[in-house]
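So the structure is just underneath, and the comments pick up after that.
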Amino acid sequence: AHLRSDGLIRLNQNEFYSPAVKSHSDHVIRTSSTPVHRRKEGKKPSMNGAVTLQNRFAPLSDDPALPNDHPLERSTRRTCNPSEGKRPERKLKARPETLIVGDSTVKDVQWFCSRNTKVLCFPNDVVSDMQERILKTVAKYPTVQNIVLHTGSNDVSKQKSDVLKQDFTGLIRSVSSLNAAVFISGPIPTIRGGEERFSRLLALNRWLSVACGETGIHFINNFCQVTLPNLFKSDGLHPNHTGSHLLKLNIDLTLHSSTAPSS
C-alpha cells in the first residue's frame, strides 16, 4: 500500500481507500474491472399471456366437511340462493263466502264472524235503499255463496206498512236472480218504542216469514231470540255486545240448517 498524489491509498492492484469517502458497510471502496450490469428501475416485465384469477378460498366452500354454521358455508348459501333479493310475497286476503248486509242492527256482528264472512253496515238505509244497492254490492264479491239481508227497522218508524211490504216485495224479486243462497233476517223486538212499535215489528216478522216461503227465499226468525232488556244498548234499539253475538249465532244456525244435506 502507498499514498498517491490524488489522495487515495492504494491497497493492491484494484483496491483504493479514501479517508474522505465512507460507505454504509465499511470504509473501503472496492472497484473491479468486471463491469456490473444493473436492472433499470421502473420497467415492468411484459406479460404475453392472459392472467388467470382464482379464489384461493373457493375449494374450501365446496368441502363437504364444513359445518353448516361455518362462515364460508353460509356465504356460499347466500350467494347461490336464487330467492335472495326477492320481496316476500303478500298473503292473499280471504275471499268471503257469506255476506251480511244490513242497517245499524248488524253493526257489531262482525266481531263474531270468521274470515269467511263479511259484514257491510249502512246505518240509515231503508228497504228501498237496500234494493238499489244490493246487486252492485254483491257483484264486488264473486265468491259469495250466502247473502244475508237485515233491513226494515228504519222503515217501521214511518208507520206505512203497505209501502214497507211493497218495498220488501221488490227487494225479494231483485235478489231472486242472484246465483247465491239468499236469507232475509227478520226484525228484532226492541225494548223502547212502546206497544205500537212492538206490534208493527211483530206484524212485519209474520208477513216476511210467509212472503219468503212463497218465493223460495230463506227466512231467519230473530223475534224470539233477542228479547231480553240486558241484550240491548242504552238506546233500547240496538243490540249490545251480547245481543249481537246472539244474533250472529241465530244467523249461523239458520244458514247451517238450510245448507245441510237432507237425510
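All residue names refer to the C-alpha cells as shown: chains lettered A, B, ... in order, residues numbered from 1 in each chain, ligands numbered from 1 in order.
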
Review point. Could you name the residues that touch region 151-153 of chain A at 7 Å or less, counting only C-alpha atoms, but leaving out those on the same chain fewer than 2 positions away, as a list of chain:residue names?
Key: A:Gly102, A:Asp103, A:Val126, A:Val127, A:Leu149, A:Asp155, A:Val156, A:Pro187

**Study point:** Test item: residues at most 6 Å from region 110-116 of chain A, only C-alpha atoms, excluding those fewer than 2 positions along its chain, as a count of residues only
**Key:** 4

Exercise for review: Have a look at CA of Lys158 (chain A) and CA of Gly194 (chain A) and let me know their distance in Å, one decimal.
Suggested key: 14.5 Å

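The shell of residues at most 7 Å from Phe219 (chain A), with only C-alpha atoms counted and near chain neighbours (fewer than 6 positions) removed, consists of Phe183, Ile184, Ser185, Ser209 and Cys212 of chain A.
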
Generate the output file for the selected residues, C-alpha atoms, as a compact mmCIF listing (two decimals), in the first residue's frame.
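Once everything was written out, this is again36.txt:
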# COMPACT_ATOMS: atom_id res chain seq x y z
CA PHE A 183 -131.60 -15.08 3.54
CA ILE A 184 -133.88 -12.35 4.88
CA SER A 185 -133.08 -11.66 8.54
CA SER A 209 -141.99 -15.38 7.08
CA CYS A 212 -140.08 -15.59 1.88

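Non-sequential neighbours of Thr117 (chain A) (distance at most 10 Å, separation of 6 or more positions within a chain, only C-alpha atoms) are Ala94, Arg95, Pro96, Glu97, Thr98, Leu99, Ile100, Gln110, Val144, Asn146 and Ile147 of chain A.
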
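Across the structure, CA of Leu237 (chain A) and CA of Phe198 (chain A) are spaced 11.3 Å apart.
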
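Taking CA of Glu214 (chain A) and CA of Ile172 (chain A) as endpoints, the distance between them is 10.6 Å.
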
Exercise for review: Would you kindly return, as a PyMOL selection string, each protein, DNA or RNA residue with an atom no farther than 9 Å from any atom of Ala181 (chain A), considering only C-alpha atoms and excluding same-chain residues fewer than 5 positions away?
Suggested key: chain A and resi 145-148+176+217-218+259

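Between Ser128 (chain A) and the candidates A:Val101, A:Leu164, A:Leu249, A:Val182, the tightest atom-to-atom separation, counting only C-alpha atoms, involves A:Leu164.
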